[in-house]
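Structure file my_file.csv with CSV, N, CA and C atoms:
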```
chain,number,residue,atom,x,y,z
H,15,MET,N,43.9,124.4,130.0
H,15,MET,CA,45.2,124.0,130.5
H,15,MET,C,45.7,124.9,131.6
H,16,SER,N,46.3,124.3,132.6
H,16,SER,CA,46.8,125.2,133.7
H,16,SER,C,48.3,125.3,133.6
H,17,ASN,N,48.9,126.1,134.5
H,17,ASN,CA,50.3,126.3,134.5
H,17,ASN,C,51.1,124.9,134.6
H,18,VAL,N,52.3,124.9,133.9
H,18,VAL,CA,53.1,123.8,133.9
H,18,VAL,C,54.4,124.1,134.7
H,19,ASN,N,54.8,123.3,135.6
H,19,ASN,CA,56.0,123.5,136.4
H,19,ASN,C,57.1,122.5,135.9
H,20,ILE,N,58.2,123.1,135.6
H,20,ILE,CA,59.3,122.3,135.1
H,20,ILE,C,60.5,122.5,136.1
H,21,ARG,N,61.0,121.4,136.6
H,21,ARG,CA,62.1,121.4,137.6
H,21,ARG,C,63.4,121.5,136.8
H,22,ASP,N,64.1,122.6,137.2
H,22,ASP,CA,65.4,122.9,136.6
H,22,ASP,C,66.5,122.8,137.7
H,23,PRO,N,67.6,122.0,137.5
H,23,PRO,CA,68.6,121.9,138.5
H,23,PRO,C,69.3,123.1,139.0
H,24,LEU,N,69.3,124.1,138.1
H,24,LEU,CA,70.0,125.4,138.4
H,24,LEU,C,69.0,126.4,139.0
H,25,TYR,N,67.8,126.6,138.4
H,25,TYR,CA,66.9,127.6,138.8
H,25,TYR,C,65.7,127.2,139.7
H,26,GLY,N,65.6,125.9,139.9
H,26,GLY,CA,64.4,125.5,140.7
H,26,GLY,C,63.3,125.3,139.7
H,27,PHE,N,62.1,125.7,140.1
H,27,PHE,CA,60.9,125.5,139.3
H,27,PHE,C,60.8,126.6,138.3
H,28,ILE,N,60.5,126.3,137.0
H,28,ILE,CA,60.2,127.2,136.0
H,28,ILE,C,58.7,127.0,135.7
H,29,ILE,N,57.9,128.1,135.9
H,29,ILE,CA,56.5,128.0,135.7
H,29,ILE,C,56.1,128.6,134.4
H,30,LEU,N,55.4,127.8,133.6
H,30,LEU,CA,55.0,128.2,132.3
H,30,LEU,C,53.5,128.4,132.3
H,31,ASN,N,53.0,129.5,131.7
H,31,ASN,CA,51.6,129.7,131.6
H,31,ASN,C,51.0,128.9,130.4
H,32,ASP,N,49.7,129.1,130.1
H,32,ASP,CA,49.1,128.2,129.1
H,32,ASP,C,49.7,128.4,127.7
H,33,ILE,N,49.9,129.6,127.3
H,33,ILE,CA,50.5,129.8,126.0
H,33,ILE,C,51.9,129.2,125.9
H,34,GLU,N,52.7,129.5,126.9
H,34,GLU,CA,54.1,129.0,127.0
H,34,GLU,C,54.1,127.5,127.0
H,35,SER,N,53.2,126.9,127.7
H,35,SER,CA,53.0,125.4,127.7
H,35,SER,C,52.8,124.8,126.3
H,36,LYS,N,51.9,125.5,125.6
H,36,LYS,CA,51.6,125.1,124.2
H,36,LYS,C,52.8,125.2,123.3
H,37,ILE,N,53.6,126.3,123.5
H,37,ILE,CA,54.8,126.4,122.7
H,37,ILE,C,55.8,125.4,123.1
H,38,LEU,N,55.9,125.1,124.4
H,38,LEU,CA,56.8,124.0,124.9
H,38,LEU,C,56.5,122.7,124.2
H,39,ASP,N,55.3,122.4,124.0
H,39,ASP,CA,54.8,121.1,123.4
H,39,ASP,C,54.9,121.1,121.9
H,40,SER,N,55.2,122.3,121.3
H,40,SER,CA,55.2,122.3,119.8
H,40,SER,C,56.5,121.7,119.2
H,41,TYR,N,56.4,121.2,118.0
H,41,TYR,CA,57.5,120.5,117.3
H,41,TYR,C,58.7,121.5,117.2
H,42,PRO,N,58.6,122.7,116.8
H,42,PRO,CA,59.8,123.6,116.7
H,42,PRO,C,60.5,123.8,118.0
H,43,PHE,N,59.8,123.9,119.1
H,43,PHE,CA,60.5,124.0,120.4
H,43,PHE,C,61.1,122.7,120.8
H,44,GLN,N,60.4,121.6,120.7
H,44,GLN,CA,60.9,120.3,121.1
H,44,GLN,C,62.2,119.9,120.3
H,45,ARG,N,62.3,120.4,119.1
H,45,ARG,CA,63.5,120.1,118.3
H,45,ARG,C,64.8,120.7,118.9
H,46,LEU,N,64.6,121.7,119.8
H,46,LEU,CA,65.7,122.3,120.5
H,46,LEU,C,66.4,121.4,121.4
H,47,ARG,N,65.7,120.3,121.8
H,47,ARG,CA,66.3,119.3,122.7
H,47,ARG,C,67.5,118.6,122.0
H,48,PHE,N,67.5,118.7,120.7
H,48,PHE,CA,68.6,118.0,119.9
H,48,PHE,C,69.7,118.9,119.4
H,49,ILE,N,69.6,120.1,119.8
H,49,ILE,CA,70.6,121.1,119.3
H,49,ILE,C,71.5,121.5,120.5
H,50,HIS,N,72.7,121.2,120.4
H,50,HIS,CA,73.6,121.5,121.5
H,50,HIS,C,73.9,123.0,121.6
H,51,GLN,N,73.8,123.6,122.7
H,51,GLN,CA,74.1,125.0,122.9
H,51,GLN,C,75.5,125.4,122.5
H,52,LEU,N,76.4,124.5,122.8
H,52,LEU,CA,77.8,124.8,122.6
H,52,LEU,C,78.4,124.1,121.3
H,53,GLY,N,77.5,123.7,120.4
H,53,GLY,CA,77.9,123.1,119.2
H,53,GLY,C,78.7,121.8,119.4
H,54,THR,N,79.9,121.8,118.9
H,54,THR,CA,80.7,120.5,119.0
H,54,THR,C,81.6,120.5,120.3
H,55,THR,N,81.5,121.5,121.2
H,55,THR,CA,82.3,121.6,122.4
H,55,THR,C,82.3,120.3,123.2
H,56,SER,N,81.2,119.6,123.2
H,56,SER,CA,81.0,118.4,124.1
H,56,SER,C,82.0,117.3,123.6
H,57,PHE,N,82.5,117.4,122.4
H,57,PHE,CA,83.4,116.4,121.9
H,57,PHE,C,84.8,116.5,122.7
H,58,VAL,N,85.1,117.8,123.1
H,58,VAL,CA,86.3,118.0,123.9
H,58,VAL,C,86.0,118.1,125.4
H,59,TYR,N,84.9,118.7,125.7
H,59,TYR,CA,84.5,118.9,127.1
H,59,TYR,C,83.2,118.1,127.3
H,60,PRO,N,83.3,116.8,127.8
H,60,PRO,CA,82.1,116.0,127.9
H,60,PRO,C,80.9,116.6,128.7
H,61,THR,N,81.2,117.4,129.6
H,61,THR,CA,80.1,118.0,130.4
H,61,THR,C,79.5,119.2,129.8
H,62,GLY,N,80.0,119.7,128.7
H,62,GLY,CA,79.5,120.8,128.0
H,62,GLY,C,78.4,120.4,127.0
H,63,CYS,N,77.4,119.8,127.5
H,63,CYS,CA,76.4,119.1,126.6
H,63,CYS,C,75.0,119.6,126.7
H,64,HIS,N,74.8,120.8,127.3
H,64,HIS,CA,73.4,121.2,127.4
H,64,HIS,C,72.9,121.7,126.1
H,65,THR,N,71.6,121.7,126.0
H,65,THR,CA,70.9,122.0,124.7
H,65,THR,C,70.3,123.4,124.6
H,66,ARG,N,69.9,123.8,123.4
H,66,ARG,CA,69.2,125.0,123.2
H,66,ARG,C,67.8,125.0,124.0
H,67,PHE,N,67.2,123.8,124.1
H,67,PHE,CA,66.0,123.6,124.8
H,67,PHE,C,66.2,124.0,126.3
H,68,GLU,N,67.2,123.5,126.9
H,68,GLU,CA,67.5,123.8,128.4
H,68,GLU,C,67.8,125.3,128.5
H,69,HIS,N,68.6,125.8,127.6
H,69,HIS,CA,69.0,127.2,127.6
H,69,HIS,C,67.8,128.1,127.5
H,70,SER,N,66.9,127.8,126.6
H,70,SER,CA,65.7,128.6,126.3
H,70,SER,C,64.8,128.7,127.6
H,71,LEU,N,64.7,127.5,128.2
H,71,LEU,CA,63.9,127.5,129.5
H,71,LEU,C,64.6,128.3,130.6
H,72,GLY,N,65.9,128.2,130.6
H,72,GLY,CA,66.7,129.0,131.6
H,72,GLY,C,66.5,130.5,131.3
H,73,VAL,N,66.6,130.9,130.1
H,73,VAL,CA,66.4,132.3,129.8
H,73,VAL,C,65.0,132.8,130.1
H,74,LEU,N,64.0,131.9,129.9
H,74,LEU,CA,62.6,132.2,130.3
H,74,LEU,C,62.6,132.5,131.8
H,75,ARG,N,63.2,131.6,132.6
H,75,ARG,CA,63.3,131.8,134.0
H,75,ARG,C,63.9,133.1,134.4
H,76,LEU,N,65.0,133.4,133.8
H,76,LEU,CA,65.7,134.6,134.1
H,76,LEU,C,64.9,135.9,133.7
H,77,SER,N,64.1,135.8,132.7
H,77,SER,CA,63.3,136.9,132.3
H,77,SER,C,62.2,137.1,133.4
H,78,THR,N,61.7,136.0,134.0
H,78,THR,CA,60.8,136.1,135.1
H,78,THR,C,61.4,136.8,136.3
H,79,ARG,N,62.7,136.5,136.6
H,79,ARG,CA,63.4,137.1,137.7
H,79,ARG,C,63.6,138.6,137.4
H,80,LEU,N,63.9,139.0,136.2
H,80,LEU,CA,64.1,140.4,135.8
H,80,LEU,C,62.9,141.2,136.0
H,81,ILE,N,61.7,140.6,135.5
H,81,ILE,CA,60.5,141.3,135.6
H,81,ILE,C,60.1,141.5,137.1
H,82,LYS,N,60.4,140.5,137.9
H,82,LYS,CA,60.1,140.6,139.4
H,82,LYS,C,61.0,141.7,140.0
H,83,CYS,N,62.2,141.8,139.6
H,83,CYS,CA,63.1,142.8,140.2
H,83,CYS,C,62.7,144.2,139.7
H,84,LEU,N,62.2,144.4,138.5
H,84,LEU,CA,61.7,145.6,138.0
H,84,LEU,C,60.5,146.1,138.8
H,85,LYS,N,59.6,145.1,139.0
H,85,LYS,CA,58.4,145.4,139.8
H,85,LYS,C,58.7,145.8,141.2
H,86,GLU,N,59.7,145.2,141.8
H,86,GLU,CA,60.1,145.5,143.1
H,86,GLU,C,60.6,147.0,143.2
H,87,GLN,N,61.1,147.5,142.1
H,87,GLN,CA,61.6,148.9,142.0
H,87,GLN,C,60.4,149.8,141.7
H,88,GLU,N,59.2,149.3,141.8
H,88,GLU,CA,58.0,150.0,141.6
H,88,GLU,C,57.8,150.5,140.2
H,89,LEU,N,58.4,149.8,139.2
H,89,LEU,CA,58.1,150.1,137.8
H,89,LEU,C,56.8,149.4,137.4
H,90,THR,N,56.1,150.1,136.6
H,90,THR,CA,54.8,149.5,136.1
H,90,THR,C,55.1,148.7,134.8
H,91,ILE,N,54.8,147.5,134.8
H,91,ILE,CA,54.9,146.7,133.6
H,91,ILE,C,53.6,146.1,133.2
H,92,LYS,N,53.2,146.5,132.0
H,92,LYS,CA,51.9,146.0,131.5
H,92,LYS,C,51.9,144.5,131.3
H,93,GLU,N,50.7,143.9,131.6
H,93,GLU,CA,50.6,142.4,131.5
H,93,GLU,C,51.1,141.9,130.1
H,94,MET,N,50.6,142.6,129.0
H,94,MET,CA,51.0,142.2,127.7
H,94,MET,C,52.5,142.3,127.4
H,95,ASP,N,53.1,143.4,128.0
H,95,ASP,CA,54.6,143.5,127.8
H,95,ASP,C,55.3,142.4,128.5
H,96,GLU,N,54.8,142.0,129.7
H,96,GLU,CA,55.4,140.9,130.4
H,96,GLU,C,55.3,139.6,129.6
H,97,LYS,N,54.1,139.3,129.0
H,97,LYS,CA,53.9,138.1,128.2
H,97,LYS,C,54.9,138.1,127.0
H,98,VAL,N,55.0,139.3,126.3
H,98,VAL,CA,55.8,139.4,125.1
H,98,VAL,C,57.3,139.2,125.5
H,99,PHE,N,57.7,139.8,126.6
H,99,PHE,CA,59.1,139.6,127.1
H,99,PHE,C,59.4,138.2,127.4
H,100,ARG,N,58.5,137.5,128.1
H,100,ARG,CA,58.7,136.1,128.4
H,100,ARG,C,58.8,135.2,127.2
H,101,LEU,N,57.9,135.5,126.2
H,101,LEU,CA,57.8,134.7,125.0
H,101,LEU,C,59.1,135.0,124.2
H,102,SER,N,59.5,136.2,124.1
H,102,SER,CA,60.8,136.5,123.4
H,102,SER,C,61.9,135.8,124.0
H,103,ALA,N,62.0,135.7,125.3
H,103,ALA,CA,63.1,135.0,126.0
H,103,ALA,C,63.0,133.5,125.6
H,104,MET,N,61.8,133.0,125.6
H,104,MET,CA,61.6,131.5,125.4
H,104,MET,C,62.0,131.2,123.9
H,105,LEU,N,61.7,132.1,123.0
H,105,LEU,CA,61.8,131.8,121.6
H,105,LEU,C,63.1,132.3,120.9
H,106,HIS,N,63.9,133.0,121.7
H,106,HIS,CA,65.0,133.7,121.0
H,106,HIS,C,66.0,132.8,120.3
H,107,ASP,N,66.0,131.5,120.5
H,107,ASP,CA,66.9,130.6,119.9
H,107,ASP,C,66.2,129.6,119.0
H,108,ILE,N,65.0,129.8,118.7
H,108,ILE,CA,64.1,128.8,118.0
H,108,ILE,C,64.6,128.5,116.6
H,109,GLY,N,65.4,129.4,116.0
H,109,GLY,CA,65.8,129.2,114.6
H,109,GLY,C,67.2,128.6,114.4
H,110,HIS,N,67.8,128.2,115.5
H,110,HIS,CA,69.2,127.6,115.4
H,110,HIS,C,69.2,126.3,114.7
H,111,ALA,N,70.2,126.0,113.9
H,111,ALA,CA,70.4,124.8,113.2
H,111,ALA,C,71.2,123.8,114.0
H,112,PRO,N,71.2,122.5,113.5
H,112,PRO,CA,72.1,121.5,114.2
H,112,PRO,C,73.5,122.0,114.4
H,113,PHE,N,74.1,121.6,115.5
H,113,PHE,CA,75.5,122.0,115.9
H,113,PHE,C,75.6,123.5,116.1
H,114,SER,N,74.4,124.2,116.2
H,114,SER,CA,74.4,125.6,116.6
H,114,SER,C,75.2,126.5,115.7
H,115,HIS,N,76.0,127.4,116.2
H,115,HIS,CA,76.7,128.3,115.4
H,115,HIS,C,77.7,127.7,114.4
H,116,ILE,N,78.4,126.6,114.8
H,116,ILE,CA,79.3,126.0,113.9
H,116,ILE,C,78.6,125.5,112.6
H,117,GLY,N,77.4,124.8,112.9
H,117,GLY,CA,76.7,124.3,111.7
H,117,GLY,C,76.1,125.5,110.9
H,118,GLU,N,75.7,126.6,111.5
H,118,GLU,CA,75.2,127.7,110.8
H,118,GLU,C,76.3,128.4,110.0
H,119,ASP,N,77.5,128.4,110.5
H,119,ASP,CA,78.6,129.0,109.8
H,119,ASP,C,78.8,128.2,108.5
H,120,MET,N,78.8,126.9,108.6
H,120,MET,CA,79.0,126.1,107.4
H,120,MET,C,77.8,126.3,106.4
H,121,MET,N,76.6,126.4,106.9
H,121,MET,CA,75.4,126.6,106.1
H,121,MET,C,75.4,128.0,105.5
H,122,LEU,N,75.8,129.0,106.2
H,122,LEU,CA,75.9,130.3,105.8
H,122,LEU,C,76.9,130.4,104.6
H,123,PHE,N,78.0,129.8,104.7
H,123,PHE,CA,79.0,129.8,103.7
H,123,PHE,C,78.4,129.2,102.4
H,124,SER,N,77.7,128.1,102.5
H,124,SER,CA,77.2,127.4,101.3
H,124,SER,C,75.8,127.8,100.9
H,125,LYS,N,74.9,128.2,101.8
H,125,LYS,CA,73.5,128.4,101.4
H,125,LYS,C,72.9,129.7,101.9
H,126,GLY,N,73.7,130.5,102.6
H,126,GLY,CA,73.1,131.8,103.1
H,126,GLY,C,72.2,131.6,104.3
H,127,PHE,N,72.4,130.6,105.2
H,127,PHE,CA,71.6,130.4,106.3
H,127,PHE,C,71.8,131.5,107.4
H,128,ASP,N,70.7,132.0,108.0
H,128,ASP,CA,70.8,133.0,109.0
H,128,ASP,C,69.8,132.6,110.1
H,129,HIS,N,70.3,132.3,111.3
H,129,HIS,CA,69.3,131.8,112.4
H,129,HIS,C,68.3,132.8,112.8
H,130,GLU,N,68.7,134.1,112.7
H,130,GLU,CA,67.7,135.1,113.0
H,130,GLU,C,66.5,135.1,112.1
H,131,LYS,N,66.9,135.0,110.8
H,131,LYS,CA,65.8,134.9,109.7
H,131,LYS,C,65.0,133.7,109.9
H,132,MET,N,65.7,132.6,110.2
H,132,MET,CA,65.0,131.3,110.5
H,132,MET,C,64.0,131.4,111.7
H,133,THR,N,64.4,132.1,112.7
H,133,THR,CA,63.6,132.3,113.9
H,133,THR,C,62.3,133.0,113.5
H,134,ILE,N,62.4,134.0,112.7
H,134,ILE,CA,61.2,134.7,112.2
H,134,ILE,C,60.3,133.8,111.4
H,135,LYS,N,60.9,133.1,110.5
H,135,LYS,CA,60.2,132.1,109.6
H,135,LYS,C,59.5,131.1,110.4
H,136,ILE,N,60.2,130.5,111.4
H,136,ILE,CA,59.5,129.5,112.3
H,136,ILE,C,58.4,130.1,113.0
H,137,ILE,N,58.6,131.2,113.6
H,137,ILE,CA,57.5,131.9,114.4
H,137,ILE,C,56.3,132.2,113.5
H,138,GLU,N,56.5,132.7,112.3
H,138,GLU,CA,55.4,133.1,111.4
H,138,GLU,C,54.7,131.9,110.8
H,139,GLU,N,55.5,130.8,110.4
H,139,GLU,CA,55.0,129.8,109.5
H,139,GLU,C,54.7,128.5,110.2
H,140,SER,N,55.0,128.3,111.5
H,140,SER,CA,54.8,127.1,112.2
H,140,SER,C,53.6,127.2,113.1
H,141,GLU,N,53.3,126.1,113.8
H,141,GLU,CA,52.3,126.1,114.8
H,141,GLU,C,52.5,127.2,115.9
H,142,ILE,N,53.7,127.6,116.1
H,142,ILE,CA,54.0,128.6,117.1
H,142,ILE,C,53.2,129.9,116.7
H,143,GLY,N,53.2,130.3,115.4
H,143,GLY,CA,52.5,131.5,115.0
H,143,GLY,C,51.0,131.4,115.3
H,144,GLU,N,50.5,130.2,115.1
H,144,GLU,CA,49.0,130.0,115.4
H,144,GLU,C,48.8,130.2,116.9
H,145,ILE,N,49.7,129.7,117.7
H,145,ILE,CA,49.5,129.8,119.2
H,145,ILE,C,49.6,131.2,119.6
H,146,LEU,N,50.6,132.0,119.0
H,146,LEU,CA,50.8,133.4,119.4
H,146,LEU,C,49.6,134.3,118.9
H,147,LYS,N,49.0,133.9,117.9
H,147,LYS,CA,47.8,134.7,117.4
H,147,LYS,C,46.7,134.8,118.4
H,148,LYS,N,46.7,133.8,119.4
H,148,LYS,CA,45.6,133.8,120.4
H,148,LYS,C,45.8,134.7,121.6
H,149,ILE,N,47.0,135.4,121.7
H,149,ILE,CA,47.2,136.2,122.8
H,149,ILE,C,46.8,137.7,122.6
```

Take the structure in the file and write it out as C-alpha coordinates.
Amino acid sequence: MSNVNIRDPLYGFIILNDIESKILDSYPFQRLRFIHQLGTTSFVYPTGCHTRFEHSLGVLRLSTRLIKCLKEQELTIKEMDEKVFRLSAMLHDIGHAPFSHIGEDMMLFSKGFDHEKMTIKIIEESEIGEILKKI
(Lines of atoms letter the chains of each structure in order from A and count residues from 1; the text may use other names and numbers.)
(Lines give C-alpha, C1' and ligand atoms only; values in the text may rest on other atoms or scores of the structure.)
Protein backbone atom coordinates (compact mmCIF):
# COMPACT_ATOMS: atom_id res chain seq x y z
CA MET A 1 0.00 0.00 0.00
CA SER A 2 1.33 3.45 -0.82
CA ASN A 3 0.80 6.82 0.82
CA VAL A 4 -2.75 8.12 1.01
CA ASN A 5 -3.48 11.80 0.40
CA ILE A 6 -6.50 13.30 2.13
CA ARG A 7 -7.70 16.73 1.09
CA ASP A 8 -8.45 18.93 4.09
CA PRO A 9 -10.11 22.34 3.59
CA LEU A 10 -8.00 23.94 6.31
CA TYR A 11 -4.58 22.29 5.97
CA GLY A 12 -4.46 21.20 2.35
CA PHE A 13 -3.25 17.67 1.79
CA ILE A 14 -2.67 15.35 4.72
CA ILE A 15 -0.33 12.54 3.71
CA LEU A 16 -0.66 9.22 5.52
CA ASN A 17 1.94 6.48 5.39
CA ASP A 18 1.07 2.78 5.12
CA ILE A 19 0.52 2.19 8.85
CA GLU A 20 -1.52 5.38 9.25
CA SER A 21 -3.61 4.41 6.21
CA LYS A 22 -4.42 1.04 7.77
CA ILE A 23 -5.41 2.75 11.02
CA LEU A 24 -7.54 5.22 9.05
CA ASP A 25 -9.44 2.28 7.53
CA SER A 26 -9.94 0.53 10.89
CA TYR A 27 -13.35 0.39 12.55
CA PRO A 28 -12.22 2.19 15.74
CA PHE A 29 -10.89 5.14 13.75
CA GLN A 30 -13.84 5.25 11.35
CA ARG A 31 -16.26 5.44 14.30
CA LEU A 32 -14.76 8.88 15.08
CA ARG A 33 -16.70 10.13 12.03
CA PHE A 34 -19.84 9.91 14.18
CA ILE A 35 -18.54 11.60 17.34
CA HIS A 36 -18.85 15.36 17.36
CA GLN A 37 -15.77 17.21 18.57
CA LEU A 38 -17.90 19.78 20.38
CA GLY A 39 -20.52 17.42 21.79
CA THR A 40 -23.96 18.99 21.65
CA THR A 41 -22.73 22.48 20.68
CA SER A 42 -24.01 22.01 17.13
CA PHE A 43 -27.57 22.14 18.47
CA VAL A 44 -26.96 25.81 19.35
CA TYR A 45 -24.27 26.66 16.78
CA PRO A 46 -25.13 24.81 13.55
CA THR A 47 -21.65 25.24 12.07
CA GLY A 48 -19.95 23.73 15.13
CA CYS A 49 -20.34 20.24 13.73
CA HIS A 50 -16.87 18.87 13.01
CA THR A 51 -16.04 15.40 14.24
CA ARG A 52 -13.29 13.69 16.20
CA PHE A 53 -12.32 12.07 12.89
CA GLU A 54 -11.64 15.42 11.22
CA HIS A 55 -9.96 16.73 14.36
CA SER A 56 -7.65 13.71 14.63
CA LEU A 57 -6.55 14.08 11.02
CA GLY A 58 -5.92 17.78 11.63
CA VAL A 59 -3.80 17.01 14.69
CA LEU A 60 -1.85 14.49 12.60
CA ARG A 61 -1.21 17.23 10.02
CA LEU A 62 -0.09 19.67 12.72
CA SER A 63 2.27 17.05 14.15
CA THR A 64 3.85 16.82 10.70
CA ARG A 65 4.34 20.60 10.63
CA LEU A 66 5.86 20.54 14.11
CA ILE A 67 8.34 17.82 13.13
CA LYS A 68 9.28 19.79 10.01
CA CYS A 69 9.88 22.95 12.08
CA LEU A 70 12.05 21.04 14.55
CA LYS A 71 14.12 19.56 11.74
CA GLU A 72 14.56 23.02 10.23
CA GLN A 73 16.11 24.03 13.56
CA GLU A 74 18.63 21.25 12.92
CA LEU A 75 17.25 18.98 15.63
CA THR A 76 17.78 15.30 15.00
CA ILE A 77 14.59 13.29 15.19
CA LYS A 78 14.80 9.53 14.88
CA GLU A 79 12.50 7.95 12.31
CA MET A 80 10.79 5.79 14.96
CA ASP A 81 10.21 8.82 17.21
CA GLU A 82 8.59 10.62 14.28
CA LYS A 83 6.33 7.62 13.57
CA VAL A 84 5.30 7.32 17.22
CA PHE A 85 4.64 11.06 17.49
CA ARG A 86 2.45 11.05 14.37
CA LEU A 87 0.55 7.95 15.52
CA SER A 88 0.03 9.48 18.97
CA ALA A 89 -1.40 12.58 17.33
CA MET A 90 -3.67 10.50 15.13
CA LEU A 91 -4.92 8.27 17.96
CA HIS A 92 -5.15 10.72 20.85
CA ASP A 93 -8.99 10.86 20.74
CA ILE A 94 -9.73 7.27 19.74
CA GLY A 95 -11.39 6.48 23.09
CA HIS A 96 -14.03 9.21 23.09
CA ALA A 97 -17.66 8.25 23.57
CA PRO A 98 -20.70 9.58 21.69
CA PHE A 99 -21.36 13.27 22.36
CA SER A 100 -17.73 13.56 23.41
CA HIS A 101 -17.08 15.00 26.88
CA ILE A 102 -20.72 15.63 27.74
CA GLY A 103 -21.54 11.97 27.07
CA GLU A 104 -18.46 10.88 28.98
CA ASP A 105 -19.44 13.02 31.96
CA MET A 106 -22.81 11.28 32.06
CA MET A 107 -21.17 7.86 31.71
CA LEU A 108 -18.50 8.69 34.29
CA PHE A 109 -21.18 9.59 36.80
CA SER A 110 -23.04 6.34 36.28
CA LYS A 111 -20.47 3.80 35.12
CA GLY A 112 -16.95 5.14 35.68
CA PHE A 113 -16.15 5.78 32.01
CA ASP A 114 -12.76 7.37 31.28
CA HIS A 115 -11.85 8.15 27.65
CA GLU A 116 -8.11 7.93 28.38
CA LYS A 117 -8.52 4.38 29.71
CA MET A 118 -10.78 3.56 26.76
CA THR A 119 -8.07 4.86 24.39
CA ILE A 120 -5.58 2.40 25.87
CA LYS A 121 -8.13 -0.44 25.71
CA ILE A 122 -8.97 0.27 22.06
CA ILE A 123 -5.32 0.50 21.06
CA GLU A 124 -4.41 -2.71 22.88
CA GLU A 125 -7.47 -4.84 22.10
CA SER A 126 -8.65 -3.80 18.64
CA GLU A 127 -7.26 -4.22 15.15
CA ILE A 128 -5.24 -1.05 15.79
CA GLY A 129 -3.05 -2.96 18.24
CA GLU A 130 -2.34 -5.57 15.58
CA ILE A 131 -1.45 -2.86 13.06
CA LEU A 132 0.90 -1.15 15.52
CA LYS A 133 2.72 -4.40 16.33
CA LYS A 134 4.06 -4.35 12.77
CA ILE A 135 6.16 -1.20 13.18

Exercise for review: Using DSSP on the backbone coordinates, identify all residues within chain H classified as helix (DSSP H, G or I); present the result as a PyMOL selection string.
Suggested key: chain H and resi 32-38+41-48+55-57+66-86+93-105+114-125+129-139+141-146

Practice item. Name the closest residue to Ile149 in chain H among the candidates H:Val18, H:Leu84, H:Val98, H:Cys63; distances are taken between atoms, counting only C-alpha atoms. Key: H:Val98

Exercise for review: Name all residues at most 9 Å from range 19-27 of chain H (count only C-alpha atoms; drop same-chain ones fewer than 5 positions away) and give them as a list in words.
Suggested key: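 The neighbour list is Glu68, Leu71, Gly72, Arg75 and Leu76 of chain H.
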
Check your understanding: Please, what distance in Å, to one decimal, runs between atom C of Leu105 in chain H and atom C of His69 in chain H?
Key -> 9.1 Å

Practice item. As a ChimeraX atom specification, list the residues of range 18-110 of chain H assigned to strand (DSSP E) by DSSP on the backbone atoms of this structure. Key: /H:18-22,26-30

**Study point:** Nearby residues (only C-alpha atoms) at most 10 Å from Leu38 in chain H, same-chain spacing under 5 positions excluded, as a PyMOL selection string
**Key:** chain H and resi 18+30+32-33+43-44+67+71+104-105+142

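As for CA of His106 in chain H and atom N of Val73 in chain H, they are spaced 9.7 Å apart.
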
Exercise for review: Would you mind reading off the distance between atom C of Ile136 in chain H and atom N of Lys92 in chain H, one decimal, in Å?
Suggested key: 25.6 Å

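Checking H:Arg79, H:Arg45, H:Lys131, H:Lys147 one by one against Arg66 in chain H, counting all atoms listed in the file, you find the shortest gap at H:Arg45.
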